[in-house]
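Undergrad: Encoded as structure tokens, here's the structure I'll be asking about.
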Amino acid sequence: MKIIVPVKRVIDYNVKPRVKADGTGVDLANVKMSMNPFDEIAVEEALRLKEKGAATEVVVVSIGPAKAQETLRTALAMGADRAILIEAEDVEPLGVAKLLAKVQEEELAGLIILGKQAIDNDCNQTGQMLAALLGRPQGTFASKVEVEGDSVSVTREVDGGLETVKLTLPAIVTTDLRLNEPRYASLPNIMKAKSKPLAQKTPADYGVDISPRLETLKVVEPPVRQAGIRVADVDELVAKLKAMGVAA
Ligand code: AMP
């Protein structure tokens with residue numbers, strides 16, 4: 001069984017994003033970029049399934065600028081077998097899902113494991129849209145994934161606790177934070193990754209229209225947090241809260 005893992009190049013999670021002066025978006029100039037953390041978890045899970053014998057090949061796919069090759073090489077260094085870069089900038093989740101559906105038509109993977117969300121746009125849409133486009137079952141927010149024959153059991157983190165669903169393969173899974181702890185790529189594996197296959201494509205190769213459907217009106221910095229004050233005791237705290245009108 002083949003596993004496809006879509007990986008997105010995003011601003012590194014340690015970087016504090018800066019909004020462009022004209023409010024049209026986030027400034028990406030000279031900013032450290034990395035693989036979306038939920039996608040690292042997805043790559044790790046695919047590799048573990050391969051190591052357990054449940055999968056034979058892990059294919060990573062990124063839709064992004066030429067530099068997304070670095071993200072794909074990171075996934076190859078972790079242990080993925082080959083990569084596909086579909087070169088395009090700022091593709092919305094529906095466009096990404098349409099491209100991934102075309103990749104799946106060619107690859108016929110048993111599982112597609114995505115991150116639950118990209119930390120740059122927090123959309124949390126691509127996996128769900130892909131499942132709908134392919135007409136296949138989905139297990140989102142996975143904290144445990146077990147392949148058994150022609151099905152996969154996915155334990156999901158829901159509000160009230162954990163829910164386990166069984167999906168017939170091919171299926172779509174999206175990863176939550178607690179699924180696993182991704183491995184670091186070793187230096188020899190980073191070297192080896194340089195010679196692993198990386199195919200370069202464009203949306204036109206798949207006949208997919210990725211023109212945007214959304215218009216960003218403006219992007220603003222979050223409000224600056226006001227400094228706190230120290231109170232001597234609970235009585236003073238309650239008095240202050242009453243004065244602010246937030247306690248009766
Ligand atoms: P989103 O719906 O944008 O929050 O993204 C959810 C997941 O879809 C991500 O964690 C990735 O696995 C995948 N994904 C989204 N955008 C891309 C992209 N441009 N290239 C590859 N995978 C992507």
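Lettering and numbering for the structure tokens are positional, with chains as A, B, ... in the shown order, residues counted from 1 in each chain, and ligands counted from 1 in the shown order.
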Let me see if you get this right: every residue at most 7 Å from ligand 1, counting only C-alpha atoms and all ligand atoms, written as a list of chain:residue names.
TA: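 Selection of residues at most 7 Å from ligand 1: A:Val5, A:Pro6, A:Val7, A:Lys8, A:Asn36, A:Phe38, A:Asp39, A:Val61, A:Ser62, A:Ile63, A:Gly64, A:Val91, A:Pro93, A:Val96, A:Leu114, A:Gly115, A:Lys116, A:Gln117, A:Ala118, A:Ile119, A:Asn121, A:Asp122, A:Cys123, A:Asn124, A:Gln125, A:Thr126, A:Gly127.
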Undergrad: Got a sec: who's within 7 Å of stretch 22-28 of chain A, counting only C-alpha atoms, leaving out chain neighbours fewer than 4 positions off, as a PyMOL selection string?
TA: chain A and resi 17-18+218-220
Undergrad: Please, could you write that set of residues out with N, CA, C and O atoms as a compact mmCIF listing (two decimals), in the first residue's frame?
TA:
# COMPACT_ATOMS: atom_id res chain seq x y z
N PRO A 17 5.06 36.30 13.28
CA PRO A 17 4.81 36.90 11.96
C PRO A 17 4.63 38.41 12.05
O PRO A 17 4.07 38.92 13.02
N ARG A 18 5.12 39.10 10.99
CA ARG A 18 4.92 40.56 10.90
C ARG A 18 3.96 40.84 9.75
O ARG A 18 4.09 40.25 8.67
N LYS A 218 -8.24 42.67 4.52
CA LYS A 218 -7.09 43.27 5.21
C LYS A 218 -6.55 42.30 6.26
O LYS A 218 -7.27 41.41 6.73
N VAL A 219 -5.29 42.48 6.58
CA VAL A 219 -4.64 41.68 7.62
C VAL A 219 -4.10 42.66 8.65
O VAL A 219 -3.45 43.63 8.28
N VAL A 220 -4.42 42.44 9.93
CA VAL A 220 -3.94 43.36 10.98
C VAL A 220 -3.25 42.56 12.08
O VAL A 220 -3.51 41.38 12.26
Undergrad: Pick the closest to A:Val58 from A:Ala88, A:Met1, A:Ala248, A:Ala77: which is it, counting only C-alpha atoms?
TA: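 Checking each of A:Ala88, A:Met1, A:Ala248, A:Ala77 against A:Val58, counting only C-alpha atoms, the winner is A:Met1.
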Undergrad: If we count only C-alpha atoms and set the cut-off at 10 Å, which residues sit around A:Ser195, ignoring sequence neighbours fewer than 3 positions away in its own chain? Please answer as a list in words.
TA: Arg73, Leu76, Arg82, Ile190, Met191, Lys192 and Leu198 of chain A
Undergrad: Give the strand (DSSP E or B) residues of stretch 45-228 of chain A, as assigned by DSSP on the backbone, as a ChimeraX atom specification.
TA: /A:57-64,82-87,111-115,138-148,151-158,161-168,171-175,198-201
Undergrad: Just to confirm, what's the straight-line distance from atom CA of A:Lys201 to atom CA of A:Gly79 in Å (one decimal)?
TA: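 We find that atom CA of A:Lys201 and atom CA of A:Gly79 lie 21.8 Å from each other.
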Undergrad: Please identify all polymer residues within 12 Å of A:Gly135, counting only C-alpha atoms, omitting same-chain residues fewer than 3 positions from it, and present them as a PyMOL selection string.
TA: chain A and resi 101+127-132+138+168-172
Undergrad: May I ask which of the residues A:Leu134, A:Ile113, A:Leu72, A:Met244 is the closest one to A:Val152, counting only C-alpha atoms?
TA: A:Ile113
Undergrad: Could you check the closest approach to A:Val165 for each of A:Lys67, A:Lys194, A:Lys240, A:Lys144 and tell me which residue wins, using only C-alpha atoms?
TA: A:Lys144
Undergrad: Enumerate as a list of chain:residue names all residues of stretch 119-171 of chain A assigned to helix (DSSP H, G or I) by DSSP on the backbone, naming them with the chain letters and numbers the document uses.
TA: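 After running DSSP on the backbone, stretch 119-171 of chain A has helix (DSSP H, G or I) at A:Thr126, A:Gly127, A:Gln128, A:Met129, A:Leu130, A:Ala131, A:Ala132, A:Leu133, A:Leu134.
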Undergrad: With all heavy atoms retained, could you export that selection as a PDB file, in the first residue's frame?
TA:
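Now in out_34.pdb:
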ATOM      1  N   THR A 126      -8.508  21.329   4.016  1.00  0.00           N
ATOM      2  CA  THR A 126      -8.019  20.589   2.845  1.00  0.00           C
ATOM      3  C   THR A 126      -8.352  19.094   2.910  1.00  0.00           C
ATOM      4  O   THR A 126      -8.831  18.523   1.928  1.00  0.00           O
ATOM      5  CB  THR A 126      -6.497  20.810   2.692  1.00  0.00           C
ATOM      6  OG1 THR A 126      -6.253  22.215   2.738  1.00  0.00           O
ATOM      7  CG2 THR A 126      -5.995  20.257   1.371  1.00  0.00           C
ATOM      8  N   GLY A 127      -8.100  18.469   4.064  1.00  0.00           N
ATOM      9  CA  GLY A 127      -8.374  17.032   4.184  1.00  0.00           C
ATOM     10  C   GLY A 127      -9.841  16.726   3.957  1.00  0.00           C
ATOM     11  O   GLY A 127     -10.213  15.797   3.217  1.00  0.00           O
ATOM     12  N   GLN A 128     -10.704  17.534   4.567  1.00  0.00           N
ATOM     13  CA  GLN A 128     -12.149  17.320   4.438  1.00  0.00           C
ATOM     14  C   GLN A 128     -12.598  17.515   2.988  1.00  0.00           C
ATOM     15  O   GLN A 128     -13.403  16.732   2.469  1.00  0.00           O
ATOM     16  CB  GLN A 128     -12.902  18.295   5.361  1.00  0.00           C
ATOM     17  CG  GLN A 128     -12.673  18.079   6.854  1.00  0.00           C
ATOM     18  CD  GLN A 128     -11.463  18.825   7.397  1.00  0.00           C
ATOM     19  OE1 GLN A 128     -10.468  19.032   6.716  1.00  0.00           O
ATOM     20  NE2 GLN A 128     -11.527  19.225   8.665  1.00  0.00           N
ATOM     21  N   MET A 129     -12.079  18.559   2.340  1.00  0.00           N
ATOM     22  CA  MET A 129     -12.457  18.807   0.935  1.00  0.00           C
ATOM     23  C   MET A 129     -11.960  17.682   0.038  1.00  0.00           C
ATOM     24  O   MET A 129     -12.664  17.249  -0.871  1.00  0.00           O
ATOM     25  CB  MET A 129     -11.862  20.138   0.464  1.00  0.00           C
ATOM     26  CG  MET A 129     -12.577  21.341   1.025  1.00  0.00           C
ATOM     27  SD  MET A 129     -11.711  22.832   0.499  1.00  0.00           S
ATOM     28  CE  MET A 129     -12.903  24.069   0.968  1.00  0.00           C
ATOM     29  N   LEU A 130     -10.741  17.193   0.319  1.00  0.00           N
ATOM     30  CA  LEU A 130     -10.171  16.107  -0.493  1.00  0.00           C
ATOM     31  C   LEU A 130     -11.038  14.847  -0.374  1.00  0.00           C
ATOM     32  O   LEU A 130     -11.323  14.187  -1.374  1.00  0.00           O
ATOM     33  CB  LEU A 130      -8.728  15.833  -0.029  1.00  0.00           C
ATOM     34  CG  LEU A 130      -8.011  14.693  -0.725  1.00  0.00           C
ATOM     35  CD1 LEU A 130      -7.873  14.960  -2.230  1.00  0.00           C
ATOM     36  CD2 LEU A 130      -6.626  14.482  -0.118  1.00  0.00           C
ATOM     37  N   ALA A 131     -11.456  14.535   0.865  1.00  0.00           N
ATOM     38  CA  ALA A 131     -12.304  13.356   1.077  1.00  0.00           C
ATOM     39  C   ALA A 131     -13.599  13.493   0.275  1.00  0.00           C
ATOM     40  O   ALA A 131     -14.056  12.537  -0.367  1.00  0.00           O
ATOM     41  CB  ALA A 131     -12.601  13.186   2.569  1.00  0.00           C
ATOM     42  N   ALA A 132     -14.171  14.703   0.278  1.00  0.00           N
ATOM     43  CA  ALA A 132     -15.422  14.923  -0.452  1.00  0.00           C
ATOM     44  C   ALA A 132     -15.197  14.794  -1.957  1.00  0.00           C
ATOM     45  O   ALA A 132     -15.977  14.148  -2.656  1.00  0.00           O
ATOM     46  CB  ALA A 132     -15.984  16.302  -0.107  1.00  0.00           C
ATOM     47  N   LEU A 133     -14.107  15.391  -2.467  1.00  0.00           N
ATOM     48  CA  LEU A 133     -13.836  15.333  -3.915  1.00  0.00           C
ATOM     49  C   LEU A 133     -13.608  13.891  -4.377  1.00  0.00           C
ATOM     50  O   LEU A 133     -14.012  13.509  -5.468  1.00  0.00           O
ATOM     51  CB  LEU A 133     -12.605  16.176  -4.266  1.00  0.00           C
ATOM     52  CG  LEU A 133     -12.758  17.689  -4.168  1.00  0.00           C
ATOM     53  CD1 LEU A 133     -11.406  18.365  -4.370  1.00  0.00           C
ATOM     54  CD2 LEU A 133     -13.752  18.199  -5.212  1.00  0.00           C
ATOM     55  N   LEU A 134     -12.936  13.102  -3.525  1.00  0.00           N
ATOM     56  CA  LEU A 134     -12.636  11.712  -3.906  1.00  0.00           C
ATOM     57  C   LEU A 134     -13.791  10.768  -3.574  1.00  0.00           C
ATOM     58  O   LEU A 134     -13.771   9.607  -3.992  1.00  0.00           O
ATOM     59  CB  LEU A 134     -11.369  11.221  -3.175  1.00  0.00           C
ATOM     60  CG  LEU A 134     -10.047  11.888  -3.571  1.00  0.00           C
ATOM     61  CD1 LEU A 134      -8.928  11.441  -2.632  1.00  0.00           C
ATOM     62  CD2 LEU A 134      -9.676  11.531  -5.010  1.00  0.00           C
TER      63      LEU A 134
END
Undergrad: Counting only C-alpha atoms, figure out which residue out of A:Val60, A:Val147, A:Leu100, A:Ala29 gets nearest to A:Thr74.
TA: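 Ranked by minimum distance to A:Thr74, first place goes to A:Val60.
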Undergrad: As an exercise, work out the distance from atom CA of A:Thr174 to atom CA of A:Ile112 in Å and give it to one decimal place.
TA: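 Answer for the atom CA of A:Thr174 to atom CA of A:Ile112 separation: 8.4 Å.
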Undergrad: Using Å and a single decimal, report how far atom CA of A:Lys32 sits from atom CA of A:Asn14.
TA: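 Answer for the atom CA of A:Asn14 to atom CA of A:Lys32 separation: 8.9 Å.
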